Each structure stands twice: as structure tokens, then as C-alpha cells.
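So this one's input_7.pdb, PDB, C-alpha atoms:
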ATOM      1  CA  MET A  23     252.042-121.099  79.666
ATOM      2  CA  HIS A  24     248.417-122.211  79.492
ATOM      3  CA  PHE A  25     249.296-125.597  80.995
ATOM      4  CA  LEU A  26     251.190-124.007  83.900
ATOM      5  CA  PHE A  27     248.370-121.575  84.676
ATOM      6  CA  ARG A  28     245.776-124.342  84.465
ATOM      7  CA  THR A  29     247.834-126.467  86.839
ATOM      8  CA  PHE A  30     248.420-123.722  89.403
ATOM      9  CA  SER A  31     244.769-122.642  89.195
ATOM     10  CA  LEU A  32     243.834-125.927  90.898
ATOM     11  CA  LEU A  33     245.870-125.108  94.024
ATOM     12  CA  PRO A  34     244.196-123.666  97.126
ATOM     13  CA  LEU A  35     244.724-119.961  97.709
ATOM     14  CA  PRO A  36     246.824-120.456 100.900
ATOM     15  CA  ALA A  37     249.302-122.574  98.940
ATOM     16  CA  LEU A  38     249.523-120.020  96.150
ATOM     17  CA  HIS A  39     250.084-117.183  98.617
ATOM     18  CA  ALA A  40     252.817-119.160 100.369
ATOM     19  CA  LEU A  41     254.471-119.776  97.013
ATOM     20  CA  GLY A  42     254.058-116.099  96.155
ATOM     21  CA  TRP A  43     255.720-115.007  99.392
ATOM     22  CA  VAL A  44     258.795-117.038  98.430
ATOM     23  CA  LEU A  45     258.687-115.650  94.898
ATOM     24  CA  GLY A  46     258.483-112.087  96.190
ATOM     25  CA  TRP A  47     261.505-112.466  98.430
ATOM     26  CA  ALA A  48     263.488-114.219  95.718
ATOM     27  CA  SER A  49     262.865-111.271  93.376
ATOM     28  CA  PHE A  50     263.802-108.800  96.111
ATOM     29  CA  LEU A  51     267.062-110.557  96.959
ATOM     30  CA  LEU A  52     268.154-111.335  93.405
ATOM     31  CA  SER A  53     267.410-107.989  91.743
ATOM     32  CA  SER A  54     269.246-104.957  93.095
ATOM     33  CA  ARG A  55     267.275-102.617  90.811
ATOM     34  CA  TYR A  56     263.956-103.985  92.058
ATOM     35  CA  ARG A  57     265.164-103.772  95.650
ATOM     36  CA  ARG A  58     266.370-100.162  95.375
ATOM     37  CA  ARG A  59     263.150 -98.967  93.755
ATOM     38  CA  LEU A  60     260.880-100.656  96.298
ATOM     39  CA  LEU A  61     262.800 -99.277  99.292
ATOM     40  CA  ALA A  62     263.159 -95.802  97.764
ATOM     41  CA  HIS A  63     259.465 -95.429  96.932
ATOM     42  CA  ALA A  64     258.344 -96.550 100.394
ATOM     43  CA  LYS A  65     260.824 -94.129 101.988
ATOM     44  CA  GLN A  66     259.610 -91.324  99.691
ATOM     45  CA  ALA A  67     256.109 -91.895 101.080
ATOM     46  CA  GLY A  68     257.371 -91.689 104.653
ATOM     47  CA  TYR A  69     257.264 -95.386 105.512
ATOM     48  CA  SER A  70     259.863 -97.321 107.443
ATOM     49  CA  THR A  71     261.994-100.144 106.126
ATOM     50  CA  ARG A  72     259.832-102.519 108.159
ATOM     51  CA  VAL A  73     256.738-101.507 106.167
ATOM     52  CA  ALA A  74     258.675-101.743 102.908
ATOM     53  CA  LEU A  75     259.874-105.253 103.724
ATOM     54  CA  GLY A  76     256.328-106.211 104.654
ATOM     55  CA  SER A  77     255.300-105.450 101.072
ATOM     56  CA  VAL A  78     257.878-107.819  99.547
ATOM     57  CA  GLY A  79     255.906-111.013 100.134
ATOM     58  CA  GLU A  80     252.641-109.305  99.191
ATOM     59  CA  ALA A  81     254.052-108.375  95.781
ATOM     60  CA  GLY A  82     254.885-112.035  95.200
ATOM     61  CA  LYS A  83     251.376-113.073  96.211
ATOM     62  CA  LEU A  84     250.017-110.644  93.619
ATOM     63  CA  VAL A  85     251.651-112.746  90.892
ATOM     64  CA  ALA A  86     251.064-116.200  92.369
ATOM     65  CA  GLU A  87     247.320-115.702  92.882
ATOM     66  CA  LEU A  88     246.657-114.865  89.216
ATOM     67  CA  PRO A  89     246.203-118.475  87.962
ATOM     68  CA  ARG A  90     243.481-119.070  90.535
ATOM     69  CA  LEU A  91     241.772-115.739  89.879
ATOM     70  CA  TRP A  92     241.918-116.075  86.111
ATOM     71  CA  LEU A  93     241.198-119.774  85.589
ATOM     72  CA  GLY A  94     240.259-121.378  88.912
ATOM     73  CA  ARG A  95     237.189-121.666  91.105
ATOM     74  CA  PRO A  96     235.788-118.406  92.581
ATOM     75  CA  VAL A  97     237.403-117.271  95.811
ATOM     76  CA  HIS A  98     235.748-115.817  98.904
ATOM     77  CA  VAL A  99     235.134-112.054  98.687
ATOM     78  CA  GLY A 100     233.656-109.830 101.384
ATOM     79  CA  TRP A 101     232.505-106.236 100.940
ATOM     80  CA  ASP A 102     232.983-102.976 102.802
ATOM     81  CA  GLY A 103     230.991-100.100 101.329
ATOM     82  CA  ALA A 104     228.881-101.924  98.713
ATOM     83  CA  ALA A 105     226.004 -99.619  99.683
ATOM     84  CA  HIS A 106     227.746 -96.783  97.823
ATOM     85  CA  ILE A 107     227.499 -98.800  94.602
ATOM     86  CA  GLU A 108     223.872 -99.673  95.212
ATOM     87  CA  ALA A 109     222.978 -96.048  95.898
ATOM     88  CA  ALA A 110     224.645 -94.817  92.711
ATOM     89  CA  GLN A 111     222.936 -97.457  90.598
ATOM     90  CA  ALA A 112     219.567 -96.765  92.214
ATOM     91  CA  GLY A 113     219.930 -93.169  91.029
ATOM     92  CA  GLY A 114     220.696 -94.308  87.502
ATOM     93  CA  ALA A 115     224.290 -93.049  87.557
ATOM     94  CA  GLY A 116     227.230 -94.600  85.793
ATOM     95  CA  VAL A 117     229.966 -95.551  88.259
ATOM     96  CA  LEU A 118     233.652 -94.812  87.739
ATOM     97  CA  PHE A 119     235.894 -96.919  89.991
ATOM     98  CA  LEU A 120     239.405 -95.618  90.677
ATOM     99  CA  THR A 121     241.716 -98.282  92.111
ATOM    100  CA  PRO A 122     245.454 -97.917  92.832
ATOM    101  CA  HIS A 123     248.129-100.640  92.641
ATOM    102  CA  LEU A 124     247.065-101.735  96.105
ATOM    103  CA  GLY A 125     246.217-105.225  97.308
ATOM    104  CA  CYS A 126     244.636-107.425  94.651
ATOM    105  CA  PHE A 127     243.334-104.987  92.050
ATOM    106  CA  GLU A 128     242.334-107.926  89.829
ATOM    107  CA  ILE A 129     239.697-109.017  92.345
ATOM    108  CA  THR A 130     237.920-105.646  92.478
ATOM    109  CA  ALA A 131     236.640-105.955  88.903
ATOM    110  CA  GLN A 132     235.870-109.656  89.253
ATOM    111  CA  ALA A 133     233.950-109.170  92.497
ATOM    112  CA  TYR A 134     231.931-106.338  90.990
ATOM    113  CA  ALA A 135     231.103-108.423  87.916
ATOM    114  CA  ARG A 136     229.992-111.332  90.065
ATOM    115  CA  ARG A 137     227.716-109.241  92.295
ATOM    116  CA  PHE A 138     226.521-106.374  90.082
ATOM    117  CA  GLY A 139     227.551-107.217  86.528
ATOM    118  CA  ALA A 140     224.363-108.956  85.431
ATOM    119  CA  ARG A 141     222.474-105.645  85.430
ATOM    120  CA  HIS A 142     225.314-103.142  85.107
ATOM    121  CA  PRO A 143     228.454-104.651  83.555
ATOM    122  CA  MET A 144     231.884-103.155  84.148
ATOM    123  CA  THR A 145     234.284-102.113  81.383
ATOM    124  CA  VAL A 146     238.012-101.925  82.131
ATOM    125  CA  LEU A 147     240.882-100.604  80.046
ATOM    126  CA  PHE A 148     242.966-103.485  78.748
ATOM    127  CA  ARG A 149     246.515-103.214  77.410
ATOM    128  CA  PRO A 150     247.474-106.560  75.814
ATOM    129  CA  ALA A 151     250.655-108.223  77.090
ATOM    130  CA  ARG A 152     253.718-108.072  74.860
ATOM    131  CA  GLN A 153     254.227-111.861  74.945
ATOM    132  CA  ALA A 154     251.841-113.652  72.566
ATOM    133  CA  ALA A 155     251.221-116.625  74.897
ATOM    134  CA  LEU A 156     250.412-114.389  77.848
ATOM    135  CA  ARG A 157     248.300-112.085  75.671
ATOM    136  CA  ASP A 158     245.920-114.901  74.741
ATOM    137  CA  LEU A 159     245.789-116.138  78.318
ATOM    138  CA  VAL A 160     244.892-112.734  79.753
ATOM    139  CA  ALA A 161     242.254-112.162  77.088
ATOM    140  CA  LEU A 162     240.691-115.523  77.972
ATOM    141  CA  ALA A 163     240.775-114.776  81.691
ATOM    142  CA  ARG A 164     239.143-111.370  81.334
ATOM    143  CA  ARG A 165     236.329-112.716  79.166
ATOM    144  CA  ARG A 166     233.656-113.363  81.801
ATOM    145  CA  PRO A 167     230.001-112.431  82.435
ATOM    146  CA  GLY A 168     229.524-108.839  83.582
ATOM    147  CA  LEU A 169     233.076-107.792  82.663
ATOM    148  CA  HIS A 170     234.042-106.140  79.380
ATOM    149  CA  THR A 171     237.403-104.862  78.164
ATOM    150  CA  ALA A 172     238.306-101.769  76.168
ATOM    151  CA  PRO A 173     241.597-101.205  74.309
ATOM    152  CA  THR A 174     243.917 -98.358  75.278
ATOM    153  CA  THR A 175     242.972 -96.364  72.172
ATOM    154  CA  LEU A 176     240.612 -93.532  71.305
ATOM    155  CA  ALA A 177     237.993 -96.150  70.428
ATOM    156  CA  GLY A 178     238.480 -97.663  73.884
ATOM    157  CA  VAL A 179     237.943 -94.289  75.564
ATOM    158  CA  LYS A 180     234.707 -93.851  73.615
ATOM    159  CA  GLN A 181     233.662 -97.299  74.814
ATOM    160  CA  LEU A 182     234.229 -96.203  78.428
ATOM    161  CA  LEU A 183     232.162 -93.054  77.936
ATOM    162  CA  GLN A 184     229.342 -95.066  76.372
ATOM    163  CA  ALA A 185     229.365 -97.449  79.346
ATOM    164  CA  LEU A 186     229.031 -94.565  81.809
ATOM    165  CA  LYS A 187     226.296 -92.951  79.727
ATOM    166  CA  ALA A 188     224.374 -96.254  79.809
ATOM    167  CA  GLY A 189     224.510 -96.309  83.623
ATOM    168  CA  ASN A 190     227.136 -99.042  83.775
ATOM    169  CA  ALA A 191     230.550 -99.169  85.484
ATOM    170  CA  VAL A 192     234.100 -98.368  84.403
ATOM    171  CA  GLY A 193     237.297 -99.381  86.185
ATOM    172  CA  LEU A 194     240.658 -97.561  85.992
ATOM    173  CA  LEU A 195     244.069 -97.685  87.666
ATOM    174  CA  PRO A 196     244.677 -93.913  87.987
ATOM    175  CA  ASP A 197     248.234 -94.373  89.264
ATOM    176  CA  GLN A 198     249.218 -96.105  86.009
ATOM    177  CA  VAL A 199     251.766 -93.911  84.194
ATOM    178  CA  PRO A 200     250.150 -92.865  80.878
ATOM    179  CA  PRO A 201     251.946 -92.215  77.582
ATOM    180  CA  ASP A 202     253.467 -88.799  76.984
ATOM    181  CA  GLY A 203     250.860 -86.157  76.236
ATOM    182  CA  GLN A 204     248.062 -88.001  78.078
ATOM    183  CA  GLY A 205     248.800 -86.777  81.583
ATOM    184  CA  VAL A 206     250.073 -83.984  83.802
ATOM    185  CA  TRP A 207     252.685 -83.785  86.534
ATOM    186  CA  ALA A 208     251.094 -83.838  89.983
ATOM    187  CA  PRO A 209     252.381 -84.690  93.497
ATOM    188  CA  PHE A 210     252.148 -88.270  94.694
ATOM    189  CA  PHE A 211     253.522 -88.807  98.193
ATOM    190  CA  GLY A 212     255.450 -85.534  97.970
ATOM    191  CA  ARG A 213     257.077 -86.065  94.573
ATOM    192  CA  ASP A 214     255.769 -85.123  91.144
ATOM    193  CA  ALA A 215     254.496 -88.114  89.173
ATOM    194  CA  TYR A 216     253.119 -88.143  85.647
ATOM    195  CA  THR A 217     249.398 -88.691  86.229
ATOM    196  CA  MET A 218     246.718 -89.587  83.692
ATOM    197  CA  THR A 219     244.039 -87.033  82.879
ATOM    198  CA  LEU A 220     241.647 -89.695  81.555
ATOM    199  CA  SER A 221     240.228 -90.490  85.003
ATOM    200  CA  ALA A 222     239.315 -86.826  85.594
ATOM    201  CA  ARG A 223     237.814 -86.520  82.107
ATOM    202  CA  LEU A 224     235.640 -89.578  82.662
ATOM    203  CA  ALA A 225     234.632 -88.319  86.104
ATOM    204  CA  ARG A 226     233.153 -85.202  84.484
ATOM    205  CA  ALA A 227     230.913 -87.273  82.202
ATOM    206  CA  ASP A 228     227.221 -86.602  82.681
ATOM    207  CA  ASN A 229     225.515 -88.459  85.546
ATOM    208  CA  THR A 230     228.691 -90.218  86.707
ATOM    209  CA  GLN A 231     229.434 -91.159  90.322
ATOM    210  CA  VAL A 232     233.115 -91.609  91.225
ATOM    211  CA  LEU A 233     234.029 -94.256  93.797
ATOM    212  CA  ILE A 234     237.490 -95.265  94.967
ATOM    213  CA  SER A 235     238.114 -98.900  95.788
ATOM    214  CA  TRP A 236     240.753-101.521  96.543
ATOM    215  CA  GLY A 237     240.853-105.267  97.143
ATOM    216  CA  GLU A 238     242.409-106.229 100.470
ATOM    217  CA  ARG A 239     244.236-109.571 100.467
ATOM    218  CA  LEU A 240     243.266-111.383 103.681
ATOM    219  CA  SER A 241     245.904-113.252 105.648
ATOM    220  CA  TRP A 242     246.484-117.004 105.357
ATOM    221  CA  GLY A 243     244.706-117.230 102.010
ATOM    222  CA  ARG A 244     241.267-116.563 103.487
ATOM    223  CA  GLY A 245     240.170-114.581 100.432
ATOM    224  CA  TYR A 246     239.646-110.874  99.865
ATOM    225  CA  ARG A 247     237.651-107.874 101.022
ATOM    226  CA  VAL A 248     236.700-105.132  98.565
ATOM    227  CA  HIS A 249     236.635-101.647 100.122
ATOM    228  CA  VAL A 250     234.591 -98.907  98.440
ATOM    229  CA  ARG A 251     234.661 -95.194  99.343
ATOM    230  CA  PRO A 252     232.819 -92.161  97.887
ATOM    231  CA  PHE A 253     234.885 -89.490  96.147
ATOM    232  CA  GLY A 254     234.434 -86.078  94.533
ATOM    233  CA  PRO A 255     233.659 -83.568  93.213
ATOM    234  CA  LEU A 256     236.741 -82.918  91.068
ATOM    235  CA  ASP A 257     238.276 -79.566  90.185
ATOM    236  CA  SER A 258     237.808 -78.486  86.561
ATOM    237  CA  ASP A 259     241.528 -77.741  86.221
ATOM    238  CA  PRO A 260     243.297 -80.944  85.041
ATOM    239  CA  VAL A 261     246.397 -80.414  87.191
ATOM    240  CA  HIS A 262     244.355 -79.770  90.324
ATOM    241  CA  ALA A 263     242.072 -82.722  89.521
ATOM    242  CA  ALA A 264     245.090 -85.003  89.098
ATOM    243  CA  GLY A 265     246.367 -83.852  92.476
ATOM    244  CA  GLN A 266     242.979 -84.596  94.067
ATOM    245  CA  ILE A 267     242.993 -88.104  92.627
ATOM    246  CA  ASN A 268     246.572 -88.723  93.755
ATOM    247  CA  ARG A 269     245.694 -87.630  97.299
ATOM    248  CA  ALA A 270     242.701 -89.986  97.270
ATOM    249  CA  MET A 271     244.959 -92.843  96.165
ATOM    250  CA  GLU A 272     247.433 -91.943  98.930
ATOM    251  CA  ALA A 273     244.603 -92.214 101.471
ATOM    252  CA  LEU A 274     243.792 -95.732 100.274
ATOM    253  CA  VAL A 275     247.454 -96.754 100.428
ATOM    254  CA  ARG A 276     247.626 -95.557 104.037
ATOM    255  CA  GLU A 277     244.879 -98.036 104.913
ATOM    256  CA  CYS A 278     247.307-100.889 104.209
ATOM    257  CA  PRO A 279     250.759 -99.719 103.042
ATOM    258  CA  THR A 280     252.257-103.221 103.106
ATOM    259  CA  GLN A 281     249.956-104.210 100.234
ATOM    260  CA  TYR A 282     250.924-101.340  97.950
ATOM    261  CA  LEU A 283     253.090-102.216  94.963
ATOM    262  CA  TRP A 284     256.025 -99.982  95.923
ATOM    263  CA  SER A 285     258.141-101.557  93.189
ATOM    264  CA  TYR A 286     255.929-100.026  90.498
ATOM    265  CA  ASP A 287     257.891 -97.329  88.646
ATOM    266  CA  ARG A 288     255.431 -94.565  89.504
ATOM    267  CA  TYR A 289     257.861 -91.680  88.965
ATOM    268  CA  LYS A 290     259.232 -92.723  85.592
ATOM    269  CA  THR A 291     259.324 -90.484  82.541
ATOM    270  CA  PRO A 292     256.186 -91.236  80.523
ATOM    271  CA  PRO A 293     256.658 -93.506  77.519
ATOM    272  CA  PRO A 294     256.091 -92.042  74.024
ATOM    273  CA  ALA A 295     252.503 -92.130  72.862
ATOM    274  CA  ARG A 296     251.667 -94.680  70.172
TER     275      ARG A 296
END
Serialized structure, C-alpha cells:
Amino acid sequence: MHFLFRTFSLLPLPALHALGWVLGWASFLLSSRYRRRLLAHAKQAGYSTRVALGSVGEAGKLVAELPRLWLGRPVHVGWDGAAHIEAAQAGGAGVLFLTPHLGCFEITAQAYARRFGARHPMTVLFRPARQAALRDLVALARRRPGLHTAPTTLAGVKQLLQALKAGNAVGLLPDQVPPDGQGVWAPFFGRDAYTMTLSARLARADNTQVLISWGERLSWGRGYRVHVRPFGPLDSDPVHAAGQINRAMEALVRECPTQYLWSYDRYKTPPPAR
């Protein structure tokens, strides 16, 4: 696994994205379950089959670009809305970034760490992979200057709160389905989805600025552009707050629906808590 990732990390991004496009379509054509879920979720959100099919190759690129992002040379990243980060940090606030499964969500944390992490590092929740070989590889890839990881445990949540209190940054995927008992049911594109309450709880931490962001994958392997938008304030009721966050994530998806991971099982029954 390490050898394969090291080898593919040497390839240029256009080649990896071309390979990923093929991989995405192979998965779509060979797996009826994957195909049904992707088409059904896009339709649930009101998008045409054309938009859904446009996301097939992008999902493959999401996988194929990982060796380069984790182990290869830095890629080009542009910014849209970096002033919102600078303003929050100038006021001494901790920054909570909420990013959906849209575009390249791996690049958002990396780009932040590269530009802002020296003074205000980012901490992200990290759930180790089930496969031992991949677990070590991911841990190695995420170990970089300006970027810290926290486990998906109570100790990890405390680590996130401490980072915000210190005026640093925290990154979350709020459309990740949490374990049972750690979320509420709230609408997402017109259908109830089990939605984490952690993001709303962190947003209410003292002196915390909430920003929503996503990493756009540019065409022909030209790199990425990180978009940042202001967000808030949140309702004190957890169900209403979850709905607010879901609507904010919907707005980001509408910016580029072909780069949303429609195959993600967003509406599944939450897994049992560990």
C-alpha cells in the first residue's frame, strides 16, 4: 500500500484526475448498489440525471488524487474568501470550519495549514481506517506542520474545544453521519438525515467564529480553489441548529453539484455508538 501510494504520488495531477475519472465510471458501471444510491440522492436533491452523471468522474478523482495530496509535492491552491479567516484571527477568535463532502475536502485543511497554520494550527477529527496498512498511511499523511488530529472520542472533543479556546482552528465534516445518540434528525435536501450535534455545540464555544468552506477541484488538473463563507449565528435548539447547518451545506453544494459526493450514504440509520 505504501509503495503504491508513493509511486502514484509522483504523477502529475492531470494524470491522476484522468485515472480517477476512469475509476469513477468503472465503480458506477460495476456496482448497481453504488449506482442506485448516487442517482437517488441527486434526484432527491432536485438534480437531473445529467448532473448526477457529471459527479461520477469527480468521485473517482477524489480517490485518485489522494496519493499526491498525502505524499507528493504541494499542488496549486487559490483562495476565495480568505479575508474572512484573517478577520476572525485578527479579532482573536477561534475558527470553526464546516465543510461538506463537496469537491476535495482534503485540500481545505491542507491549504489552511500551509497558509495560516504556523500561527494558528488547525485540528481535525480523525477516525482511523479499519485496514491496518491504510491506517498507518493516513496517520503519516495527516502529520504535517500546522495540522493536528483529534480522535473521535470524548478526549478528542475536548481537544477541539481547547483549540478553539486558544484562538486556533477546527475542521469538521458536518454532513458525516454520527453514531446513534450523537445527532438529531433534520432535513437535508427535503429528507430527514441524522445530523451531528457536535458542530453546533462547538459553534457555541466562547469567542468562536463559524465559517463554511469547500475545496473546488479545477478542471484539467490545474489545482484547487478554497472557498470560504461566513455563517451564523446558530439557534440554541439543537434540532433547529442542525437544520441551519444542513441548509448552509445545501447552499455550498448548489455552487457546484457535480462535485458533491452523492454516493455517500447520507440518509442511513446511524451506527451504534462505541
| task | Measuring atom to atom with only C-alpha atoms, identify which of A:Ala188, A:Ala154, A:Ile107, A:Leu147 is nearest to A:Ala172. | result |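 So, comparing all the options, the nearest one is A:Leu147.
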Result set, the PyMOL selection byres ((chain A and resi 168) around 8) on current file, as a compact mmCIF listing (two decimals) with C-alpha atoms, in the coordinates of the input:
# COMPACT_ATOMS: atom_id res chain seq x y z
CA ALA A 135 231.10 -108.42 87.92
CA ARG A 136 229.99 -111.33 90.06
CA PHE A 138 226.52 -106.37 90.08
CA GLY A 139 227.55 -107.22 86.53
CA ALA A 140 224.36 -108.96 85.43
CA ARG A 141 222.47 -105.64 85.43
CA HIS A 142 225.31 -103.14 85.11
CA PRO A 143 228.45 -104.65 83.56
CA MET A 144 231.88 -103.16 84.15
CA ARG A 166 233.66 -113.36 81.80
CA PRO A 167 230.00 -112.43 82.44
CA LEU A 169 233.08 -107.79 82.66
CA HIS A 170 234.04 -106.14 79.38
| task | Write out as a list of chain:residue names the residues lying within 6 Å of stretch 113-128 of chain A, counting only C-alpha atoms and excluding same-chain residues fewer than 2 positions away. | result | A:Ala110, A:Gln111, A:Thr130, A:Leu186, A:Gly189, A:Asn190, A:Ala191, A:Val192, A:Gly193, A:Leu194, A:Leu195, A:Asp197, A:Asn229, A:Thr230, A:Gln231, A:Val232, A:Leu233, A:Ile234, A:Ser235, A:Trp236, A:Gly237, A:Glu238, A:Arg239, A:Gln281, A:Tyr282, A:Leu283
| task | Could you tell me how far atom CA of A:Tyr134 lies from atom CA of A:His249, in Å and to one decimal? | result |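 Interatomic distance, atom CA of A:Tyr134 to atom CA of A:His249: 11.3 Å.
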| request: State, in Å with one decimal place, the distance from atom CA of A:Arg59 to atom CA of A:Phe30. | output: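 Atom CA of A:Arg59 sits 29.1 Å away from atom CA of A:Phe30.
Between A:Leu162 and the residues A:Leu91, A:Ala222, A:Ala208, A:Lys180, the shortest atom-to-atom distance, using only C-alpha atoms, involves A:Leu91.
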Where atoms are absent from stretch 146-158 of chain A, fill them in so it carries N, CA and C atoms, then output it as a PDB file, keeping the file's coordinate frame.
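Final output, saved to out32.pdb:
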ATOM      1  N   VAL A 146     236.690-102.321  81.654  1.00  0.00           N
ATOM      2  CA  VAL A 146     238.012-101.925  82.131  1.00  0.00           C
ATOM      3  C   VAL A 146     238.938-101.733  80.940  1.00  0.00           C
ATOM      4  N   LEU A 147     239.862-100.781  81.082  1.00  0.00           N
ATOM      5  CA  LEU A 147     240.882-100.604  80.046  1.00  0.00           C
ATOM      6  C   LEU A 147     241.802-101.818  80.038  1.00  0.00           C
ATOM      7  N   PHE A 148     242.179-102.265  78.864  1.00  0.00           N
ATOM      8  CA  PHE A 148     242.966-103.485  78.748  1.00  0.00           C
ATOM      9  C   PHE A 148     244.101-103.253  77.768  1.00  0.00           C
ATOM     10  N   ARG A 149     245.336-103.313  78.275  1.00  0.00           N
ATOM     11  CA  ARG A 149     246.515-103.214  77.410  1.00  0.00           C
ATOM     12  C   ARG A 149     247.080-104.616  77.228  1.00  0.00           C
ATOM     13  N   PRO A 150     247.013-105.182  76.030  1.00  0.00           N
ATOM     14  CA  PRO A 150     247.474-106.560  75.814  1.00  0.00           C
ATOM     15  C   PRO A 150     248.940-106.732  76.203  1.00  0.00           C
ATOM     16  N   ALA A 151     249.271-107.915  76.731  1.00  0.00           N
ATOM     17  CA  ALA A 151     250.655-108.223  77.090  1.00  0.00           C
ATOM     18  C   ALA A 151     251.511-108.308  75.838  1.00  0.00           C
ATOM     19  N   ARG A 152     252.811-108.031  76.005  1.00  0.00           N
ATOM     20  CA  ARG A 152     253.718-108.072  74.860  1.00  0.00           C
ATOM     21  C   ARG A 152     253.951-109.509  74.378  1.00  0.00           C
ATOM     22  N   GLN A 153     253.994-110.473  75.320  1.00  0.00           N
ATOM     23  CA  GLN A 153     254.227-111.861  74.945  1.00  0.00           C
ATOM     24  C   GLN A 153     252.939-112.472  74.387  1.00  0.00           C
ATOM     25  N   ALA A 154     253.033-113.121  73.242  1.00  0.00           N
ATOM     26  CA  ALA A 154     251.841-113.652  72.566  1.00  0.00           C
ATOM     27  C   ALA A 154     251.110-114.673  73.429  1.00  0.00           C
ATOM     28  N   ALA A 155     251.857-115.585  74.085  1.00  0.00           N
ATOM     29  CA  ALA A 155     251.221-116.625  74.897  1.00  0.00           C
ATOM     30  C   ALA A 155     250.456-116.014  76.068  1.00  0.00           C
ATOM     31  N   LEU A 156     251.059-115.036  76.712  1.00  0.00           N
ATOM     32  CA  LEU A 156     250.412-114.389  77.848  1.00  0.00           C
ATOM     33  C   LEU A 156     249.250-113.522  77.391  1.00  0.00           C
ATOM     34  N   ARG A 157     249.366-112.941  76.200  1.00  0.00           N
ATOM     35  CA  ARG A 157     248.300-112.085  75.671  1.00  0.00           C
ATOM     36  C   ARG A 157     247.003-112.877  75.506  1.00  0.00           C
ATOM     37  N   ASP A 158     247.108-114.070  74.936  1.00  0.00           N
ATOM     38  CA  ASP A 158     245.920-114.901  74.741  1.00  0.00           C
ATOM     39  C   ASP A 158     245.342-115.360  76.073  1.00  0.00           C
TER      40      ASP A 158
END
